[in-house]
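Report on the following structure.
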Amino acid sequence: MEIVDIVPPVLKNNVIVTTVDSLFKWAHGNSIWPLSSGLACCAIEMMSTAAARFDLSRFGYEVFRPCPRQADLLIVAGTLTWKMTPPLIRLYEEMPEPKYVIAMGSCAIAGGPFADSYSVVPGIDQVMPVDVYIPGCPPRPEALIEGMLKLKEKIMHPERVEEMGKRVAEG
Amino acid sequence: MNAMLENGVVATVAGVLREYLMLLFGNQFLTDLIMKFIGIGAVIGVILSAAIVFTYAERKVCAFIQVRLGPNRVGGRFGLLQPFADMLKLMSKEDIIPAGCDRVVWALSPMLLFVPSALAYAFFPFDKGAVFADVNVGVFLLIAISSQAVLPFLMGGYASNSKYAMIGGMRTVAQMLSYEAPMVFSLLGIVMLTGSLKMSDIVAVQADNVWFVLLQPVAFVIFVITATAETNRTPFDLVEGESEIVAGAFAEYSGMRWALFFLAEYANLLAVSILTTTFFLGGWSGPVLPGVVWFWLKALFMVFFFMWLRWTLPRTRIDQMLSLSWKVLLPLALANVMCTGIGVYIYRWL
C-alpha cells in the first residue's frame with residue numbers, strides 16, 4: 001500500500017504526501033552537477049551544451065564543478081586511452097556517492113573508429129560502471145541533454161530500469 | 001503612520017512586541033532575554049535565506065548576462081525550487097574524510113568560517129533604531145571580526161593534506177591580508193567626516209546631509225574593489241582558481257561541509273553589500289518609502305552589482321592582484337585620507 005492511499009479523500013487536494021526517499025530522489029534527479037572533465041572532441045559539444053544556444057542550465061545541470069569531491073556526474077566525453085585510464089578511475093573514485101557516469105560518443109561506448117587500436121579502451125564500461133550511453137560521433141548537444149534527462153528518469157524511477165532489465169533478460 | 005516612519009518600521013514593531021511580552025510576563029529581564037533571542041533569530045534567518053535566494057539569483061543573473069534562460073524547469077517556469085533541490089542533494093551526499101588529514105582542524109574550518117560572517121551582522125543598521133549591537137566602536141569591531149575569516153581558510157587548506165588545498169589556503173591569506181589594508185584606509189575618510197565609529201551615526205549623518213559616495217568617490221571605488229577581493233569573487237577568485245588549483249582551500253570538502261563554505265561566501269557577499277550601502281549609499285535613508293525598504297533596495301542592488309562584476313570580468317593573475325593592492329590601492333587610499341583631512345580642516349576654517 002502506498003502512503004498516498006492512507007490520506008482521507010477530503011484532504012486529497014490540500015495535503016502533499018511524500019516519503020523522504022522520493023524527496024531525495026527528486027533532489028538528486030534535479031541537481032546533477034557534472035565534473036568538468038573532457039577527454040577529446042566530444043568535450044567541445046559538452047561545452048556547447050552549457051553555452052547560450054542549448055543552455056543546459058534550464059534543467060539546473062549547468063554547475064560544472066572543477067573538483068570531483070563536489071560533483072555528481074562524470075561525463076566521459078571522448079576517447080579513453082589505456083594511459084589515461086588510471087587518472088579517470090581516480091577521478092571517479094574521488095566522487096562522493098551517489099555518483100553517475102555517462103558514456104558520451106562512440107569512443108566512450110565502444111572505442112569508436114579506434115576500436116582496433118592497442119592504446120584505446122574499447123568502451124569505458126570495461127573500467128567503470130556506466131549509467132547512460134549516448135551514441136553519436138560526436139553526439140549533438142540535444143543528445144547530451146536527452147541523455148541527462150534519461151539519467152534523471154533513471155534516478156527518479158529506478159523501478160522502470162528494473163522492468164526494462166527483466167524484459168531484456170526474457171528476450 | 002507618520003510616527004512609524006519617524007521612528008523606523010522595524011523599531012516600532014519591536015517596541016510593540018516588547019510591550020506585549022512585558023504584559024504577558026511582567027518581568028523586565030525575561031522580556032529583554034526573549035527580545036535578544038528574537039533579534040538573533042531574525043539575523044540568522046536573513047543569512048540563511050540570503051544563501052538560498054542568492055544561489056538562485058546568481059544563476060539567473062549569470063544566465064541573463066550570457067544570453068541564456070537559466071533554471072526554468074524545477075518548480076514552475078521560473079525554476080524557483082532549484083536551490084532547494086541543490087540543498088537537499090548536498091545534504092544527502094556522502095561525507096568523505098580524506099585519509100591523512102588533520103581531522104579536528106579539518107572539520108572545524110567550515111564552521112569557524114561561518115562565525116565571523118554571521119557575527120558581522122550584529123553591527124548592521126537595518127533600519128532606524130534596528131541595530132542589534134550599536135556599539136560606539138562599530139566600524140573598528142566590524143573590521144576586526146571580519147578579518148578573522150582568513151584563519152579558517154588556512155586551516156582548511158593546511159588540514160586537507162592536499163597540495164592544491166595548501167596553495168589555495170596560502171593564496172587566501174596573501175589576498176585577504178593585502179586587501180584588508182586599503183579597505184580600512186578607504187573607510188578612514190568616512191570616519192573623519194562623521195567624527196564617529198558608530199554605525200548608526202554614519203547613516204544618520206548621511207540622512208541629514210548627502211550620501212558619502214558623492215563626498216568620497218575615490219574611497220567608494222577602492223572599497224568596492226577591495227570588497228570583491230575580500231569575498232573571494234571574480235575577478236579576484238584566485239582562492240578557488242579552478243583552472244590552476246582545482247577548488248583551492250576547499251578542494252577536499254564534499255556535501256554539507258562544502259555547502260557551509262558556500263553559505264559563508266553568500267553571507268559575506270550580503271555583508272559587503274550592506275557595508276557599501278551603510279557607508280556610501282546612505283543606509284536606510286530615503287524619501288517616502290520606509291527605511292527598511294530603502295535599505296534592502298540599496299543592498300540588493302549592490303549584490304546585483306557584485307554578481308554583474310563576477311560574470312563580466314576574467315580572473316586576474318596572483319602577482320597582478322597583489323601589486324594592484326600594494327602599489328595602487330593602498331597609496332590611493334592614503335592620499336584620499338590626506339585630502340579628506342585637508343578638506344575637513346579648510347571647511348572648518350571657512
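Order determines the names: the first chain of the C-alpha cells is A, the second B, and so forth; residues in each chain are numbered 1 upward, and ligands are numbered 1 upward as they are shown.
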
Legend entry - Exercise answer, chain A residues close to chain B, 9 Å and only C-alpha atoms, as a ChimeraX atom specification: /A:23-32,51-62,65-72,94-98

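The two atoms in question, atom CA of Phe280 of chain B and atom CA of Ala174 of chain B, are spaced 26.9 Å apart.
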
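The protein and nucleic acid residues lying at most 7 Å from Trp294 of chain B are Trp284, Ser285 and Gly286 of chain B, with only C-alpha atoms considered and sequence neighbours fewer than 6 positions away removed.
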
Could you save the residues just selected, with C-alpha atoms, as a PDB file, in the first residue's frame?
```
ATOM      1  CA  TRP B 284      18.155  53.288   5.401  1.00  0.00           C
ATOM      2  CA  SER B 285      17.769  56.987   4.489  1.00  0.00           C
ATOM      3  CA  GLY B 286      15.482  57.836   1.558  1.00  0.00           C
TER       4      GLY B 286
END
```

Legend entry - Residue contacts of Ser37 of chain A (8 Å, only C-alpha atoms) excluding same-chain residues fewer than 2 positions away, as JSON, numbers by chain: {"A": [35, 39, 43, 66, 74, 75, 76, 77]}

Inset, instruction - Would you mind listing what lies within 12 Å of Val137 of chain B as a PyMOL selection string, with only C-alpha atoms counted and same-chain residues fewer than 2 positions away left out? - result: chain B and resi 123+133-135+139-144+191+195-202

Just the selected residues (N, CA and C atoms), exported as a compact mmCIF listing (two decimals), in the first residue's frame, please.
```txt
# COMPACT_ATOMS: atom_id res chain seq x y z
N PHE B 123 26.23 44.31 13.71
CA PHE B 123 26.51 45.74 13.71
C PHE B 123 25.81 46.49 12.59
N ALA B 133 23.60 45.42 17.87
CA ALA B 133 24.56 45.91 18.85
C ALA B 133 25.14 47.22 18.31
N ASP B 134 24.61 48.36 18.77
CA ASP B 134 25.05 49.65 18.26
C ASP B 134 26.18 50.18 19.13
N VAL B 135 27.36 49.54 19.04
CA VAL B 135 28.48 49.93 19.91
C VAL B 135 29.18 51.16 19.33
N VAL B 139 32.69 50.39 13.61
CA VAL B 139 33.48 50.15 12.40
C VAL B 139 34.73 49.34 12.74
N PHE B 140 35.36 49.72 13.85
CA PHE B 140 36.59 49.04 14.29
C PHE B 140 36.33 47.56 14.59
N LEU B 141 35.26 47.30 15.35
CA LEU B 141 34.93 45.93 15.71
C LEU B 141 34.59 45.10 14.48
N LEU B 142 33.85 45.72 13.58
CA LEU B 142 33.42 45.05 12.35
C LEU B 142 34.63 44.57 11.56
N ILE B 143 35.62 45.47 11.39
CA ILE B 143 36.81 45.11 10.61
C ILE B 143 37.61 44.05 11.34
N ALA B 144 37.71 44.20 12.68
CA ALA B 144 38.46 43.22 13.47
C ALA B 144 37.85 41.84 13.34
N VAL B 191 35.08 57.96 8.45
CA VAL B 191 35.11 58.15 9.91
C VAL B 191 35.53 59.58 10.23
N GLY B 195 33.14 61.79 12.27
CA GLY B 195 33.63 62.03 13.62
C GLY B 195 33.14 60.97 14.60
N SER B 196 32.76 59.80 14.08
CA SER B 196 32.26 58.75 14.96
C SER B 196 32.47 57.39 14.31
N LEU B 197 32.68 56.36 15.14
CA LEU B 197 32.83 55.00 14.62
C LEU B 197 31.53 54.22 14.74
N LYS B 198 30.50 54.90 15.25
CA LYS B 198 29.22 54.24 15.47
C LYS B 198 28.48 54.09 14.14
N MET B 199 27.97 52.88 13.84
CA MET B 199 27.33 52.65 12.54
C MET B 199 26.09 53.51 12.35
N SER B 200 25.28 53.65 13.42
CA SER B 200 24.04 54.40 13.27
C SER B 200 24.33 55.89 13.05
N ASP B 201 25.43 56.42 13.65
CA ASP B 201 25.81 57.81 13.42
C ASP B 201 26.18 58.04 11.97
N ILE B 202 26.90 57.07 11.38
CA ILE B 202 27.35 57.23 9.99
C ILE B 202 26.14 57.36 9.07
```

Which residues in segment 9-142 of chain A does DSSP call strand (DSSP E)? List them as a PDB file with N, CA and C atoms, in the first residue's frame.
```pdb
ATOM      1  N   LEU A  73      28.279  13.742 -11.348  1.00  0.00           N
ATOM      2  CA  LEU A  73      28.206  13.046 -12.627  1.00  0.00           C
ATOM      3  C   LEU A  73      29.531  13.164 -13.355  1.00  0.00           C
ATOM      4  N   LEU A  74      30.032  12.026 -13.839  1.00  0.00           N
ATOM      5  CA  LEU A  74      31.237  12.037 -14.658  1.00  0.00           C
ATOM      6  C   LEU A  74      30.809  11.812 -16.103  1.00  0.00           C
ATOM      7  N   ILE A  75      30.952  12.862 -16.939  1.00  0.00           N
ATOM      8  CA  ILE A  75      30.651  12.692 -18.357  1.00  0.00           C
ATOM      9  C   ILE A  75      31.959  12.317 -19.049  1.00  0.00           C
ATOM     10  N   VAL A  76      32.062  11.066 -19.465  1.00  0.00           N
ATOM     11  CA  VAL A  76      33.276  10.654 -20.176  1.00  0.00           C
ATOM     12  C   VAL A  76      33.097  11.064 -21.632  1.00  0.00           C
ATOM     13  N   ALA A  77      33.613  12.262 -21.958  1.00  0.00           N
ATOM     14  CA  ALA A  77      33.380  12.843 -23.280  1.00  0.00           C
ATOM     15  C   ALA A  77      34.630  12.670 -24.126  1.00  0.00           C
ATOM     16  N   TYR A 100      27.226   9.134 -10.770  1.00  0.00           N
ATOM     17  CA  TYR A 100      26.734   8.570 -12.026  1.00  0.00           C
ATOM     18  C   TYR A 100      27.767   8.792 -13.117  1.00  0.00           C
ATOM     19  N   VAL A 101      27.715   7.959 -14.155  1.00  0.00           N
ATOM     20  CA  VAL A 101      28.649   8.074 -15.271  1.00  0.00           C
ATOM     21  C   VAL A 101      27.863   8.060 -16.569  1.00  0.00           C
ATOM     22  N   ILE A 102      28.187   8.987 -17.467  1.00  0.00           N
ATOM     23  CA  ILE A 102      27.598   8.983 -18.798  1.00  0.00           C
ATOM     24  C   ILE A 102      28.716   8.702 -19.796  1.00  0.00           C
ATOM     25  N   ALA A 103      28.525   7.717 -20.680  1.00  0.00           N
ATOM     26  CA  ALA A 103      29.463   7.465 -21.761  1.00  0.00           C
ATOM     27  C   ALA A 103      28.975   8.241 -22.976  1.00  0.00           C
ATOM     28  N   MET A 104      29.723   9.271 -23.371  1.00  0.00           N
ATOM     29  CA  MET A 104      29.266  10.162 -24.433  1.00  0.00           C
ATOM     30  C   MET A 104      30.079   9.901 -25.697  1.00  0.00           C
ATOM     31  N   VAL A 132      24.356   5.792 -18.480  1.00  0.00           N
ATOM     32  CA  VAL A 132      23.668   6.140 -19.724  1.00  0.00           C
ATOM     33  C   VAL A 132      24.692   6.174 -20.856  1.00  0.00           C
ATOM     34  N   TYR A 133      24.310   5.597 -22.007  1.00  0.00           N
ATOM     35  CA  TYR A 133      25.153   5.656 -23.208  1.00  0.00           C
ATOM     36  C   TYR A 133      24.526   6.643 -24.186  1.00  0.00           C
ATOM     37  N   ILE A 134      25.327   7.558 -24.742  1.00  0.00           N
ATOM     38  CA  ILE A 134      24.807   8.493 -25.739  1.00  0.00           C
ATOM     39  C   ILE A 134      25.565   8.259 -27.045  1.00  0.00           C
TER      40      ILE A 134
END
```
